[in-house]
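Enquirer: Would you mind keeping the following structure in view while I ask a few things?
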Amino acid sequence: MANKLQGENSPYLKQHEHNPVHWFPWSEETLDKAKAENKLIIVSIGYSACHWCHVMERESFENDAIAQTMNKFFVSIKVDREERPDIDQIYMIAVQLMTNSGGWPLNCICLPDGRPIYGGTYFKPQDWQQVLLQIAQMWEEKPEVAIEYAERLTQGIKQAEKLPIQSIPEQYKLEDILQVVEPWKEQFDGKNGGYFREPKFPLPNNWIFFLRYGFLNHDQEVLNHVHFTLEKMANGGIYDQIGGGFARYSVDGRWHVPHFEKMLYDNGQLLSLYSEAYQNRPSILYKNVVEETIAWAEREMLDSNGGFYSALDADSEGVEGKFYTFEDQEFDFLGADAELARNYFNIKKSGNWTEEQINIPFVSSEDQELIKEAGYTEEEWQSHLKEIKAKLLNYRSKRIRPGLDHKQLTTWNSLFLKGLVDAYRTFNYHHYLDLAKAVAGFIEELCCQNGRLLHQPSDKNRTIFGFLDDYAFTIEAYIALYEATFEEDWLNKAKSYSELAIEQFFDSKESIFYYSAADAEVLIARKSEIMDNVIPASSSTFVRCLFKLGVLFDNSRYTEIAERVFANVFPHIKSYGSAYSNWAIQLLELHFGLWEIAITGEDAKSWREELDQYYIPNKITLGGTKSSLPLLEHKNPADAKAYLCQNKTCSLPQSSISNIIELINNKQG
């Protein structure tokens with residue numbers, strides 16, 4: 001029999017609808033039930049593409065004996081972390097405070113009012129059963145012990161990431177940046193790229209920081225490591241060499257064996273990173289990564305409504321990575337190309353993933369020599385390689401596919417939208433812009449209600465209003481759309497959402513942005529998201545947007561709010577650069593300055609295209625033939641001119657983009 005999850009729309013929740021556990025969705029009704037029956041609550045959190053979530057389900061939640069214990073002593077709630085990130089945020093902090101680690105599946109045992117008393121991630125079935133029985137006994141015999149612990153833990157949750165008010169520095173110095181960079185650089189893995197750690201995550205925002213820092217501060221060593229890392233990732237098994245797109249992370253230190261799930265948010269950010277890296281150092285590898293990743297997303301993740309789905313599972317047919325791996329003999333169908341393809345993708349008879357005796361396609365530096373020996377020029381090989389990949393993709397497409405999480409999240413679609421815009425500006429391929437505008441249309445039509453953003457389109461169960469990240473990344477994407485098209489409607493929408501976000505999320509007394517809106521469901525704590533993770537923090541992203549909008553609209557209120565929040569975070573950046581990488585990017589702009597490049601006249605778009613052939617990471621681009629923006633309003637819209645502005649001062653009108661580049665070079669010395 002199906003439990004209370006049977007009517008849910010989330011693929012993750014539906015995966016559990018036939019468990020013998022009497023699961024409930026998170027709701028006021030469920031919480032009231034726990035209070036009325038004075039039962040402890042199990043809050044079990046995961047997501048559809050999570051491999052270890054599947055394992056714990058098979059081992060524990062489909063186990064009749066364990067289910068009987070859960071049903072007798074607890075009210076059990078299943079939460080999709082991607083659908084309710086506000087709930088996940090609170091219980092993740094709780095588990096981190098209790099265990100010094102976190103991850104998914106996330107399992108918290110709570111008082112009937114939702115305050116946590118015990119938690120962890122994956123449990124073996126015998127351990128989970130033992131924990132359940134011990135805590136149920138404690139609740140029956142010594143409830144005061146649980147209540148006292150819950151009070152202390154909840155106070156810790158409320159204090160986590162709470163920052164004291166700081167004064168705004170007169171200026172941010174190069175020394176401030178170096179204090180962030182120098183200890184951070186010590187983590188660089190010179191052999192395999194990235195950092196010395198396993199598993200290895202792509203962390204695109206980290207490498208965008210280092211790319212910009214290396215360029216602006218002329219640090220060739222850092223720039224070389226960024227490009228080395230991007231090449232290693234693009235050639236590794238973490239990248240789908242056959243179908244495009246990156247997996248969430250590699251379990252080893254060589255980018256070889258991925259955790260095979262593919263997430264929309266990773267790939268959106270990686271589009272931005274590889275497009276920007278191409279501007280710095282043009283590379284056919286980077287161009288291929290962008291083309292293939294967009295092709296994958298369009299082929300496998302795009303809905304007819306213009307929005308993208310969330311994720312592809314790591315597993316198919318109950319086996320992790322089965323869809324993406326190959327036996328040696330499977331390449332035989334390539335005929336005359338079989339041996340060359342085997343060598344190029346490092347396919348071995350015994351398997352290159354030795355633990356599983358199967359092959360994960362990857363490319364090594366030696367393969368370039370292989371191509372030369374085979375008699376191909378670079379152009380000939382790229383053309384032939386596309387043919388080989390197309391044949392392999394067609395062969396692989398006949399397999400049973402991994403599960404698709406069809407949720408469409410505003411935040412993740414906005415990240416992918418921005419990736420598409422960045423790819424368009426770098427490669428000038430208009431199809432990428434068309435896709436980006438379709439995503440924006442999806443957001444406006446299905447993820448917006450009465451002027452407010454939604455976290456995802458409403459379904460028959462509920463409407464979830466947007467969190468700060470939904471606003472921050474949508475605003476960021478719309479600013480990017482404006483800079484690519486000079487269509488001011490996108491900028492005005494960004495401003496409108498910013499006003500609403502300030503009203504709903506900003507605490508002027510504490511100078512922080514909360515993650516949930518002022519009128520959102522009241523949970524045991526209202527949290528602020530400060531630290532950047534695999535996705536930049538909502539606070540850092542919105543603060544960066546406010547700095548930009550402050551310049552574009554000459555709005556001192558936006559700038560003042562951004563400066564206040566940034567000043568509170570600033571002392572913490574040097575303590576752990578990787579966890580404050582987006583704040584560190586803002587620090588670069590506060591020190592090195594932000595170029596405002598205004599372009600007027602009928603040829604404004606073609607001039608913008610010319611401008612984007614140069615790598616200028618610290619710039620805002622604006623222009624067109626008519627505008628109400630302060631930087632453009634007193635300039636003759638009919639004249640084809642470009643202006644370089646900074647700190648409320650503009651150059652004389654310039655008659656070419658090359659003149660603008662010369663001005664920048666002269667000012668940078």
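Identifiers for the structure tokens are assigned positionally: chains receive A, B, ... in sequence, residues are indexed from 1 per chain, and ligands are indexed from 1 in the order shown.
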Which residues are close to range 582-586 of chain A, i.e. within 7 Å by only C-alpha atoms, leaving aside same-chain residues fewer than 5 positions away? Reply as a CSV table (one decimal) with C-alpha atoms, in the first residue's frame.
Expert:
chain,number,residue,atom,x,y,z
A,205,ASN,CA,33.0,29.7,-8.5
A,209,PHE,CA,37.8,33.8,-8.6
A,532,ASP,CA,29.6,29.8,-0.6
A,536,PRO,CA,27.5,30.5,-4.3
A,540,SER,CA,27.0,36.8,-1.7
A,544,ARG,CA,27.1,41.4,-5.9
A,573,ILE,CA,37.1,35.7,3.8
Enquirer: Write out as a ChimeraX atom specification all residues of range 449-652 of chain A that DSSP puts in alpha helix (DSSP H) for this structure's backbone.
Expert: /A:468-485,488-505,538-552,556-573,581-592,604-611
Enquirer: Can you tell me how far CA of Glu320 in chain A sits from CA of Val251 in chain A, in Å to one decimal?
Expert: 12.5 Å
Enquirer: Name all residues at most 9 Å from Ala472 in chain A (count only C-alpha atoms; drop same-chain ones fewer than 4 positions away) and give them as a list in words.
Expert: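 Listing them by chain and then by number gives Thr411, Phe467, Leu468, Glu476, Ala477, Tyr497, Ser498, Ala501, Ser538, Ser539, Ser540, Thr541, Phe542, Val543 and Cys545 of chain A.
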Enquirer: Kindly export the residues of the current selection with N, CA and C atoms, as an mmCIF file, in the first residue's frame.
Expert:
data_model
loop_
_atom_site.group_PDB
_atom_site.id
_atom_site.type_symbol
_atom_site.label_atom_id
_atom_site.label_comp_id
_atom_site.auth_asym_id
_atom_site.auth_seq_id
_atom_site.Cartn_x
_atom_site.Cartn_y
_atom_site.Cartn_z
ATOM 1 N N THR A 411 15.979 28.732 -9.083
ATOM 2 C CA THR A 411 17.401 29.009 -8.856
ATOM 3 C C THR A 411 18.277 28.325 -9.903
ATOM 4 N N PHE A 467 12.823 31.632 -2.285
ATOM 5 C CA PHE A 467 13.799 31.917 -1.246
ATOM 6 C C PHE A 467 14.780 32.958 -1.807
ATOM 7 N N LEU A 468 15.734 33.386 -0.972
ATOM 8 C CA LEU A 468 16.650 34.434 -1.426
ATOM 9 C C LEU A 468 17.436 34.009 -2.655
ATOM 10 N N GLU A 476 20.650 38.102 -11.065
ATOM 11 C CA GLU A 476 21.965 38.011 -11.711
ATOM 12 C C GLU A 476 21.822 37.636 -13.183
ATOM 13 N N ALA A 477 20.947 36.667 -13.474
ATOM 14 C CA ALA A 477 20.752 36.218 -14.857
ATOM 15 C C ALA A 477 20.129 37.312 -15.711
ATOM 16 N N TYR A 497 12.573 42.882 -8.824
ATOM 17 C CA TYR A 497 12.792 41.744 -7.922
ATOM 18 C C TYR A 497 13.729 42.126 -6.775
ATOM 19 N N SER A 498 14.679 43.008 -7.047
ATOM 20 C CA SER A 498 15.603 43.445 -5.996
ATOM 21 C C SER A 498 14.869 44.220 -4.913
ATOM 22 N N ALA A 501 13.077 41.724 -2.871
ATOM 23 C CA ALA A 501 14.003 40.930 -2.063
ATOM 24 C C ALA A 501 14.482 41.714 -0.840
ATOM 25 N N SER A 538 23.398 32.585 -1.434
ATOM 26 C CA SER A 538 22.392 33.542 -1.899
ATOM 27 C C SER A 538 22.761 34.966 -1.480
ATOM 28 N N SER A 539 23.332 35.128 -0.272
ATOM 29 C CA SER A 539 23.705 36.465 0.201
ATOM 30 C C SER A 539 24.815 37.067 -0.642
ATOM 31 N N SER A 540 25.860 36.285 -0.922
ATOM 32 C CA SER A 540 26.975 36.831 -1.704
ATOM 33 C C SER A 540 26.509 37.199 -3.110
ATOM 34 N N THR A 541 25.639 36.383 -3.683
ATOM 35 C CA THR A 541 25.160 36.649 -5.046
ATOM 36 C C THR A 541 24.303 37.901 -5.082
ATOM 37 N N PHE A 542 23.404 38.058 -4.107
ATOM 38 C CA PHE A 542 22.541 39.235 -4.118
ATOM 39 C C PHE A 542 23.333 40.504 -3.816
ATOM 40 N N VAL A 543 24.308 40.411 -2.917
ATOM 41 C CA VAL A 543 25.151 41.580 -2.638
ATOM 42 C C VAL A 543 25.892 42.011 -3.902
ATOM 43 N N CYS A 545 24.891 41.542 -6.938
ATOM 44 C CA CYS A 545 23.885 42.152 -7.817
ATOM 45 C C CYS A 545 23.585 43.582 -7.400
#
Enquirer: Can you tell me, as a PyMOL selection string, what residues are no more than 8 Å from range 39-55 of chain A when counting only C-alpha atoms, ignoring any on the same chain fewer than 2 positions away?
Expert: chain A and resi 11-12+15+34-37+57-59+73-82+88+104-112+114+122+136+139+261+311-315+320+403+405
Enquirer: Write out as JSON, numbers by chain which residues come within 7 Å of Gly306 in chain A when counting only C-alpha atoms, dropping same-chain ones fewer than 6 positions away.
Expert: {"A": [438, 439, 442]}
Enquirer: Could you give me, as a ChimeraX atom specification, the residues within 12 Å of Thr426 in chain A, counting only C-alpha atoms and dropping anything in the same chain fewer than 2 positions from it?
Expert: /A:271-283,286-287,290-291,419-424,428-430,432-433,484,608-616
Enquirer: Among range 316-459 of chain A, which residues carry a DSSP assignment of strand (DSSP E), reported as a ChimeraX atom specification?
Expert: /A:316,319-320,404-405,448-449,452-453
Enquirer: Could you save those same residues with N, CA, C and O atoms as a compact mmCIF listing (two decimals), in the first residue's frame?
Expert:
# COMPACT_ATOMS: atom_id res chain seq x y z
N SER A 316 21.33 3.45 -12.88
CA SER A 316 20.33 2.90 -13.79
C SER A 316 20.36 1.39 -13.61
O SER A 316 21.43 0.81 -13.39
N VAL A 319 22.36 0.05 -10.70
CA VAL A 319 23.83 0.03 -10.70
C VAL A 319 24.34 1.44 -10.96
O VAL A 319 23.95 2.08 -11.95
N GLU A 320 25.25 1.91 -10.11
CA GLU A 320 25.80 3.25 -10.29
C GLU A 320 26.67 3.29 -11.55
O GLU A 320 27.57 2.48 -11.73
N LEU A 404 15.25 10.51 -14.18
CA LEU A 404 15.24 11.96 -14.38
C LEU A 404 14.45 12.61 -13.26
O LEU A 404 13.32 12.21 -12.98
N ASP A 405 15.03 13.61 -12.62
CA ASP A 405 14.28 14.42 -11.66
C ASP A 405 13.69 15.58 -12.45
O ASP A 405 14.40 16.50 -12.86
N CYS A 448 6.45 32.74 -11.34
CA CYS A 448 6.15 34.08 -10.83
C CYS A 448 4.66 34.16 -10.56
O CYS A 448 3.85 33.71 -11.37
N GLN A 449 4.30 34.73 -9.42
CA GLN A 449 2.89 34.86 -9.05
C GLN A 449 2.67 36.21 -8.37
O GLN A 449 3.29 36.50 -7.34
N ARG A 452 5.73 38.10 -7.40
CA ARG A 452 6.69 37.40 -6.55
C ARG A 452 7.21 36.15 -7.24
O ARG A 452 6.45 35.45 -7.93
N LEU A 453 8.49 35.88 -7.05
CA LEU A 453 9.06 34.65 -7.60
C LEU A 453 8.61 33.44 -6.78
O LEU A 453 8.44 33.54 -5.56
Enquirer: Could you check which of A:Trp381, A:Glu662, A:Leu216, A:Arg526 is closest to Ile157 in chain A, using only C-alpha atoms?
Expert: A:Arg526
Enquirer: Of the residues A:Ser350, A:Thr463, A:Gln668, A:Ser528, which is the one nearest to Tyr515 in chain A, using only C-alpha atoms?
Expert: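 Closest residue, counting only C-alpha atoms: A:Ser528.
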Enquirer: Write out as number ranges by chain each polymer residue whose atoms come within 9 Å of range 1-4 of chain A, counting only C-alpha atoms; drop sequence neighbours fewer than 4 positions from it.
Expert: A: 8, 16-25
Enquirer: Output all heavy atoms for every residue in that selection, as an mmCIF file, in the first residue's frame.
Expert:
data_model
loop_
_atom_site.group_PDB
_atom_site.id
_atom_site.type_symbol
_atom_site.label_atom_id
_atom_site.label_comp_id
_atom_site.auth_asym_id
_atom_site.auth_seq_id
_atom_site.Cartn_x
_atom_site.Cartn_y
_atom_site.Cartn_z
ATOM 1 N N GLU A 8 2.344 13.149 -4.051
ATOM 2 C CA GLU A 8 3.371 14.171 -4.236
ATOM 3 C C GLU A 8 3.871 14.216 -5.677
ATOM 4 O O GLU A 8 3.797 13.223 -6.407
ATOM 5 C CB GLU A 8 4.543 13.912 -3.284
ATOM 6 C CG GLU A 8 4.198 14.125 -1.823
ATOM 7 C CD GLU A 8 3.818 15.563 -1.517
ATOM 8 O OE1 GLU A 8 4.560 16.474 -1.919
ATOM 9 O OE2 GLU A 8 2.770 15.770 -0.871
ATOM 10 N N HIS A 16 9.625 6.967 -2.513
ATOM 11 C CA HIS A 16 9.388 6.363 -1.196
ATOM 12 C C HIS A 16 7.912 6.076 -0.931
ATOM 13 O O HIS A 16 7.567 5.685 0.183
ATOM 14 C CB HIS A 16 9.934 7.287 -0.102
ATOM 15 C CG HIS A 16 11.429 7.429 -0.130
ATOM 16 N ND1 HIS A 16 12.267 6.642 0.627
ATOM 17 C CD2 HIS A 16 12.235 8.253 -0.849
ATOM 18 C CE1 HIS A 16 13.519 6.978 0.386
ATOM 19 N NE2 HIS A 16 13.530 7.952 -0.510
ATOM 20 N N GLU A 17 7.048 6.243 -1.920
ATOM 21 C CA GLU A 17 5.619 6.139 -1.650
ATOM 22 C C GLU A 17 5.161 4.714 -1.345
ATOM 23 O O GLU A 17 4.101 4.527 -0.737
ATOM 24 C CB GLU A 17 4.805 6.721 -2.814
ATOM 25 C CG GLU A 17 4.903 5.942 -4.113
ATOM 26 C CD GLU A 17 4.074 6.567 -5.230
ATOM 27 O OE1 GLU A 17 3.108 7.288 -4.925
ATOM 28 O OE2 GLU A 17 4.405 6.331 -6.402
ATOM 29 N N HIS A 18 5.937 3.712 -1.747
ATOM 30 C CA HIS A 18 5.544 2.327 -1.474
ATOM 31 C C HIS A 18 6.404 1.680 -0.391
ATOM 32 O O HIS A 18 6.333 0.461 -0.191
ATOM 33 C CB HIS A 18 5.592 1.499 -2.756
ATOM 34 C CG HIS A 18 4.555 1.910 -3.760
ATOM 35 N ND1 HIS A 18 3.202 1.721 -3.558
ATOM 36 C CD2 HIS A 18 4.674 2.542 -4.958
ATOM 37 C CE1 HIS A 18 2.527 2.197 -4.598
ATOM 38 N NE2 HIS A 18 3.397 2.701 -5.460
ATOM 39 N N ASN A 19 7.214 2.478 0.322
ATOM 40 C CA ASN A 19 7.945 1.938 1.472
ATOM 41 C C ASN A 19 6.948 1.499 2.548
ATOM 42 O O ASN A 19 5.889 2.111 2.696
ATOM 43 C CB ASN A 19 8.857 3.002 2.087
ATOM 44 C CG ASN A 19 10.003 3.449 1.202
ATOM 45 O OD1 ASN A 19 10.622 4.467 1.484
ATOM 46 N ND2 ASN A 19 10.294 2.725 0.120
ATOM 47 N N PRO A 20 7.293 0.497 3.340
ATOM 48 C CA PRO A 20 6.431 0.144 4.475
ATOM 49 C C PRO A 20 6.442 1.191 5.590
ATOM 50 O O PRO A 20 5.583 1.160 6.476
ATOM 51 C CB PRO A 20 7.011 -1.196 4.960
ATOM 52 C CG PRO A 20 8.422 -1.212 4.468
ATOM 53 C CD PRO A 20 8.406 -0.462 3.171
ATOM 54 N N VAL A 21 7.399 2.120 5.554
ATOM 55 C CA VAL A 21 7.387 3.253 6.489
ATOM 56 C C VAL A 21 6.182 4.135 6.162
ATOM 57 O O VAL A 21 5.920 4.437 4.995
ATOM 58 C CB VAL A 21 8.687 4.075 6.370
ATOM 59 C CG1 VAL A 21 8.629 5.297 7.283
ATOM 60 C CG2 VAL A 21 9.900 3.219 6.689
ATOM 61 N N HIS A 22 5.459 4.558 7.195
ATOM 62 C CA HIS A 22 4.316 5.448 6.990
ATOM 63 C C HIS A 22 4.810 6.889 6.837
ATOM 64 O O HIS A 22 4.644 7.726 7.732
ATOM 65 C CB HIS A 22 3.337 5.341 8.167
ATOM 66 C CG HIS A 22 2.701 3.989 8.291
ATOM 67 N ND1 HIS A 22 2.106 3.537 9.445
ATOM 68 C CD2 HIS A 22 2.600 2.964 7.395
ATOM 69 C CE1 HIS A 22 1.645 2.308 9.257
ATOM 70 N NE2 HIS A 22 1.938 1.944 8.020
ATOM 71 N N TRP A 23 5.429 7.166 5.708
ATOM 72 C CA TRP A 23 5.972 8.502 5.460
ATOM 73 C C TRP A 23 4.854 9.532 5.301
ATOM 74 O O TRP A 23 3.810 9.253 4.719
ATOM 75 C CB TRP A 23 6.804 8.528 4.176
ATOM 76 C CG TRP A 23 8.091 7.773 4.207
ATOM 77 C CD1 TRP A 23 8.421 6.665 3.470
ATOM 78 C CD2 TRP A 23 9.252 8.068 4.994
ATOM 79 N NE1 TRP A 23 9.694 6.255 3.737
ATOM 80 C CE2 TRP A 23 10.239 7.096 4.673
ATOM 81 C CE3 TRP A 23 9.561 9.046 5.936
ATOM 82 C CZ2 TRP A 23 11.499 7.087 5.260
ATOM 83 C CZ3 TRP A 23 10.814 9.034 6.528
ATOM 84 C CH2 TRP A 23 11.768 8.072 6.191
ATOM 85 N N PHE A 24 5.164 10.746 5.781
ATOM 86 C CA PHE A 24 4.306 11.907 5.566
ATOM 87 C C PHE A 24 5.134 12.975 4.851
ATOM 88 O O PHE A 24 6.349 13.068 5.068
ATOM 89 C CB PHE A 24 3.812 12.491 6.898
ATOM 90 C CG PHE A 24 2.863 11.605 7.652
ATOM 91 C CD1 PHE A 24 3.334 10.590 8.481
ATOM 92 C CD2 PHE A 24 1.485 11.794 7.541
ATOM 93 C CE1 PHE A 24 2.460 9.775 9.179
ATOM 94 C CE2 PHE A 24 0.599 10.984 8.240
ATOM 95 C CZ PHE A 24 1.084 9.970 9.062
ATOM 96 N N PRO A 25 4.507 13.819 4.032
ATOM 97 C CA PRO A 25 5.213 15.003 3.538
ATOM 98 C C PRO A 25 5.278 16.047 4.647
ATOM 99 O O PRO A 25 4.489 15.995 5.604
ATOM 100 C CB PRO A 25 4.322 15.487 2.389
ATOM 101 C CG PRO A 25 2.954 15.024 2.771
ATOM 102 C CD PRO A 25 3.128 13.732 3.512
#
Enquirer: As an exercise, work out the distance from CA of Glu182 in chain A to CA of Glu529 in chain A in Å and give it to one decimal place.
Expert: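 Those two atoms sit 25.6 Å apart.
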